[in-house]
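Colleague: Sharing a structure below in structure tokens format, with a few things to ask.
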Amino acid sequence: MNEREFATIRVANVSVAFGGIAALTDVNMELRQREVFGLIGPNGAGKTTMVNVLSGFQRPTQGSVTLDGVEVGARGPHYAARIGVGRTFQAGRLFRDLTVGENLTIAAMGAGLGMGAARRRAGAILEWTGCSEMAERRCDSLSYGNERRIGIGRALALAPKFVLLDEPASGMNDAESDALMHMIASIPGEFGCGVLLIEHNMEVITGACSRIHVLDGGKSIAEGSPAEIMHNPDVRRAYLGDKAKAGATPVKAA
Ligand code: ATP
């Protein structure tokens with residue numbers, strides 16, 4: 001790749017079937033390194049299955065996922081991580097008996113940095129998360145919201161080209177979600193890294209994403225800017241209608 005160009009993940013005609021269940025059917029989308037790309041849809045739409053495909057945990061039944069032409073899932077999740085696809089997990093994955101700083105330093109060393117450089121990178125990431133004062137705290141003492149933020153920091157410490165965030169705001173209150181939205185929106189500029197964001201909180205999605213892709217029952221039903229998605233009749237029928245009734249539909253666009 002030319003240094004002036006940005007990496008791209010291409011999802012081409014991807015289908016995933018679990019026995020008789022079609023979790024994804026012929027999905028096409030493109031993730032670009034310098035943008036936050038949202039993936040939304042009702043429960044069971046196939047969002048987590050897509051994250052698993054993108055991170056090498058699930059082989060597609062049909063189709064391909066490539067990062068600058070290299071098959072992402074060819075050799076499992078470690079290979080996907082090595083070529084630049086990082087992710088967070090709903091259940092954390094921090095070393096709970098180590099400190100926050102140690103967790104981030106270990107991750108940065110995993111990206112090939114020596115101890116000194118890894119510590120500096122960990123410090124810079126901690127500052128970005130707004131958790132600098134927590135460097136010496138053990139991870140098992142973190143609040144839920146802080147654990148989530150440090151989990152994202154840990155994924156970024158590995159210097160990925162793309163990071164996949166699966167419902168990072170779940171369980172957060174409004175203030176925490178808002179802070180998280182600003183953090184996520186700043187990832188491309190701060191880390192030169194693309195983001196795939198799955199989130200049910202539409203304030204977070206529309207505030208952080210430049211493009212949004214909508215799945216329903218494993219199929220793509222729309223893709224566009226936050227404003228286009230919010231006004232798309234198919235999306236409102238399949239997904240946003242209930243949220244609008246519940247008062248959760250924002251009018252703000254990125
Ligand atoms: P949610 O918002 O509820 O997390 P989702 O959009 O992430 O949903 P998936 O978890 O990807 O949806 O599930 C898509 C479909 O595939 C569902 O019908 C689900 O039951 C099914 N599915 C997912 N994983 C498996 C599996 N390992 N075995 C069988 N079926 C599965």
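Going by the structure tokens order, chains are called A, B, ..., each with residues numbered from 1, while ligands are numbered from 1 in the order shown.
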Can you write out as a Markdown table which residues of chain A fall within 8 Å of ligand 1, alongside each residue's closest atom pair and its distance in Å to one decimal, counting only C-alpha atoms and all ligand atoms and ordering rows by chain and ascending residue number?
Modeller:
```
| residue | atom | partner | partner_atom_place_in_ligand_line | distance |
| --- | --- | --- | --- | --- |
| A:Ala17 | CA | ligand 1 | 16 (O) | 7.7 |
| A:Phe18 | CA | ligand 1 | 29 (C) | 4.8 |
| A:Gly19 | CA | ligand 1 | 29 (C) | 7.1 |
| A:Ile21 | CA | ligand 1 | 30 (N) | 6.3 |
| A:Ala22 | CA | ligand 1 | 16 (O) | 6.6 |
| A:Ala23 | CA | ligand 1 | 16 (O) | 3.9 |
| A:Leu24 | CA | ligand 1 | 14 (C) | 7.1 |
| A:Ile40 | CA | ligand 1 | 6 (O) | 7.6 |
| A:Gly41 | CA | ligand 1 | 6 (O) | 6.1 |
| A:Pro42 | CA | ligand 1 | 2 (O) | 5.8 |
| A:Asn43 | CA | ligand 1 | 3 (O) | 3.5 |
| A:Gly44 | CA | ligand 1 | 12 (O) | 3.4 |
| A:Ala45 | CA | ligand 1 | 6 (O) | 3.6 |
| A:Gly46 | CA | ligand 1 | 11 (O) | 3.2 |
| A:Lys47 | CA | ligand 1 | 6 (O) | 3.8 |
| A:Thr48 | CA | ligand 1 | 7 (O) | 3.7 |
| A:Thr49 | CA | ligand 1 | 11 (O) | 3.7 |
| A:Met50 | CA | ligand 1 | 11 (O) | 6.5 |
| A:His200 | CA | ligand 1 | 2 (O) | 7.7 |
| A:Leu215 | CA | ligand 1 | 6 (O) | 7.6 |
| A:Asp216 | CA | ligand 1 | 6 (O) | 7.9 |
| A:Gly217 | CA | ligand 1 | 14 (C) | 7.3 |
| A:Gly218 | CA | ligand 1 | 14 (C) | 6.6 |
```
Colleague: Put those residues in a file: all heavy atoms, as a compact mmCIF listing (two decimals), in the first residue's frame.
Modeller:
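Final file, part19.txt:
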```txt
# COMPACT_ATOMS: atom_id res chain seq x y z
N ALA A 17 -24.12 -19.28 7.10
CA ALA A 17 -25.26 -20.10 7.51
C ALA A 17 -24.84 -20.96 8.69
O ALA A 17 -23.74 -21.53 8.70
CB ALA A 17 -25.74 -20.95 6.35
N PHE A 18 -25.70 -21.01 9.71
CA PHE A 18 -25.49 -21.95 10.82
C PHE A 18 -26.57 -23.03 10.66
O PHE A 18 -27.72 -22.79 11.00
CB PHE A 18 -25.66 -21.24 12.16
CG PHE A 18 -24.65 -20.17 12.42
CD1 PHE A 18 -24.99 -18.83 12.41
CD2 PHE A 18 -23.32 -20.51 12.69
CE1 PHE A 18 -24.05 -17.85 12.65
CE2 PHE A 18 -22.37 -19.53 12.94
CZ PHE A 18 -22.74 -18.20 12.92
N GLY A 19 -26.19 -24.18 10.12
CA GLY A 19 -27.20 -25.17 9.82
C GLY A 19 -28.21 -24.54 8.87
O GLY A 19 -27.86 -24.01 7.82
N ILE A 21 -29.97 -21.87 9.54
CA ILE A 21 -30.19 -20.44 9.82
C ILE A 21 -29.24 -19.59 8.99
O ILE A 21 -28.02 -19.75 9.07
CB ILE A 21 -29.96 -20.13 11.31
CG1 ILE A 21 -30.94 -20.93 12.17
CG2 ILE A 21 -30.09 -18.64 11.59
CD1 ILE A 21 -30.61 -20.88 13.65
N ALA A 22 -29.82 -18.67 8.19
CA ALA A 22 -28.99 -17.75 7.41
C ALA A 22 -28.72 -16.51 8.26
O ALA A 22 -29.57 -15.64 8.39
CB ALA A 22 -29.72 -17.37 6.13
N ALA A 23 -27.55 -16.46 8.88
CA ALA A 23 -27.20 -15.32 9.75
C ALA A 23 -26.83 -14.11 8.90
O ALA A 23 -27.11 -12.97 9.29
CB ALA A 23 -26.04 -15.70 10.67
N LEU A 24 -26.19 -14.32 7.75
CA LEU A 24 -25.87 -13.25 6.80
C LEU A 24 -26.14 -13.77 5.39
O LEU A 24 -25.80 -14.92 5.09
CB LEU A 24 -24.39 -12.83 6.91
CG LEU A 24 -23.96 -12.12 8.20
CD1 LEU A 24 -22.44 -11.96 8.23
CD2 LEU A 24 -24.64 -10.74 8.32
N ILE A 40 -25.86 -1.28 12.07
CA ILE A 40 -27.01 -1.38 12.97
C ILE A 40 -28.03 -2.36 12.41
O ILE A 40 -27.95 -2.78 11.26
CB ILE A 40 -27.68 0.00 13.19
CG1 ILE A 40 -28.27 0.56 11.89
CG2 ILE A 40 -26.70 0.99 13.80
CD1 ILE A 40 -29.14 1.82 12.10
N GLY A 41 -28.99 -2.69 13.25
CA GLY A 41 -30.08 -3.58 12.84
C GLY A 41 -30.73 -4.17 14.07
O GLY A 41 -30.14 -4.16 15.15
N PRO A 42 -31.93 -4.71 13.91
CA PRO A 42 -32.63 -5.28 15.07
C PRO A 42 -31.93 -6.52 15.60
O PRO A 42 -31.00 -7.05 14.98
CB PRO A 42 -34.02 -5.63 14.51
CG PRO A 42 -33.90 -5.57 13.04
CD PRO A 42 -32.72 -4.75 12.68
N ASN A 43 -32.37 -7.03 16.74
CA ASN A 43 -31.78 -8.23 17.32
C ASN A 43 -31.82 -9.36 16.29
O ASN A 43 -32.81 -9.54 15.58
CB ASN A 43 -32.56 -8.68 18.56
CG ASN A 43 -32.34 -7.72 19.72
OD1 ASN A 43 -31.36 -6.98 19.74
ND2 ASN A 43 -33.25 -7.73 20.66
N GLY A 44 -30.72 -10.09 16.22
CA GLY A 44 -30.65 -11.22 15.29
C GLY A 44 -30.37 -10.81 13.85
O GLY A 44 -30.44 -11.64 12.93
N ALA A 45 -30.04 -9.53 13.61
CA ALA A 45 -29.83 -9.05 12.23
C ALA A 45 -28.55 -9.61 11.60
O ALA A 45 -28.40 -9.60 10.38
CB ALA A 45 -29.77 -7.52 12.22
N GLY A 46 -27.60 -10.05 12.45
CA GLY A 46 -26.35 -10.58 11.92
C GLY A 46 -25.14 -9.73 12.22
O GLY A 46 -24.04 -9.98 11.72
N LYS A 47 -25.30 -8.74 13.08
CA LYS A 47 -24.21 -7.78 13.35
C LYS A 47 -22.99 -8.47 14.00
O LYS A 47 -21.85 -8.29 13.56
CB LYS A 47 -24.71 -6.64 14.26
CG LYS A 47 -25.94 -5.93 13.69
CD LYS A 47 -26.44 -4.83 14.60
CE LYS A 47 -26.90 -5.30 15.97
NZ LYS A 47 -28.12 -6.13 15.95
N THR A 48 -23.24 -9.24 15.06
CA THR A 48 -22.11 -9.90 15.73
C THR A 48 -21.49 -10.95 14.82
O THR A 48 -20.26 -11.13 14.82
CB THR A 48 -22.59 -10.52 17.07
OG1 THR A 48 -23.05 -9.46 17.91
CG2 THR A 48 -21.46 -11.26 17.77
N THR A 49 -22.31 -11.61 14.03
CA THR A 49 -21.75 -12.57 13.07
C THR A 49 -20.80 -11.85 12.12
O THR A 49 -19.71 -12.36 11.80
CB THR A 49 -22.89 -13.26 12.28
OG1 THR A 49 -23.77 -13.91 13.22
CG2 THR A 49 -22.33 -14.29 11.30
N MET A 50 -21.16 -10.63 11.70
CA MET A 50 -20.27 -9.87 10.81
C MET A 50 -18.96 -9.53 11.51
O MET A 50 -17.88 -9.62 10.91
CB MET A 50 -20.98 -8.60 10.31
CG MET A 50 -20.14 -7.75 9.39
SD MET A 50 -19.53 -8.65 7.93
CE MET A 50 -21.00 -8.59 6.89
N HIS A 200 -26.62 -0.12 19.71
CA HIS A 200 -28.07 0.10 19.69
C HIS A 200 -28.40 1.55 20.05
O HIS A 200 -29.50 2.01 19.75
CB HIS A 200 -28.76 -0.85 20.65
CG HIS A 200 -28.86 -2.25 20.12
ND1 HIS A 200 -29.67 -2.59 19.05
CD2 HIS A 200 -28.25 -3.40 20.48
CE1 HIS A 200 -29.56 -3.88 18.79
NE2 HIS A 200 -28.69 -4.40 19.64
N LEU A 215 -28.53 -3.81 8.63
CA LEU A 215 -28.87 -5.20 8.35
C LEU A 215 -30.24 -5.48 8.96
O LEU A 215 -30.60 -4.96 10.01
CB LEU A 215 -27.85 -6.15 8.99
CG LEU A 215 -26.44 -6.15 8.46
CD1 LEU A 215 -25.54 -7.05 9.33
CD2 LEU A 215 -26.40 -6.64 7.01
N ASP A 216 -30.97 -6.38 8.30
CA ASP A 216 -32.22 -6.87 8.87
C ASP A 216 -32.37 -8.32 8.44
O ASP A 216 -32.33 -8.61 7.24
CB ASP A 216 -33.40 -6.03 8.35
CG ASP A 216 -34.72 -6.45 8.97
OD1 ASP A 216 -34.72 -7.00 10.10
OD2 ASP A 216 -35.77 -6.22 8.34
N GLY A 217 -32.45 -9.22 9.40
CA GLY A 217 -32.57 -10.64 9.07
C GLY A 217 -31.42 -11.15 8.23
O GLY A 217 -31.60 -12.02 7.37
N GLY A 218 -30.22 -10.60 8.45
CA GLY A 218 -29.02 -11.07 7.74
C GLY A 218 -28.80 -10.41 6.39
O GLY A 218 -27.81 -10.67 5.71
```
Colleague: Leaving out Thr129 in chain A and any residue of its chain fewer than 4 positions from it, which residues lie within 12 Å of it when counting only C-alpha atoms, given as a PyMOL selection string?
Modeller: chain A and resi 100+104+122-125+133-135+145-154+156-157+176+179-184+186-187+190
Colleague: Just to confirm, what's the straight-line distance from CA of Ser64 in chain A to CA of Thr25 in chain A in Å (one decimal)?
Modeller: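 Calculated distance between CA of Ser64 in chain A and CA of Thr25 in chain A is 12.4 Å.
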Colleague: Which parts of range 6-249 of chain A does DSSP call helix (DSSP H, G or I) when run on the backbone here, written out as a ChimeraX atom specification?
Modeller: /A:47-54,76-82,100-110,115-129,132-134,139-141,144-157,174-191,202-208,226-230,233-245
Colleague: When you count only C-alpha atoms, which of these residues is closest to Gly194 in chain A: A:Cys209, A:Met109, A:Val36, A:Ile83?
Modeller: A:Val36
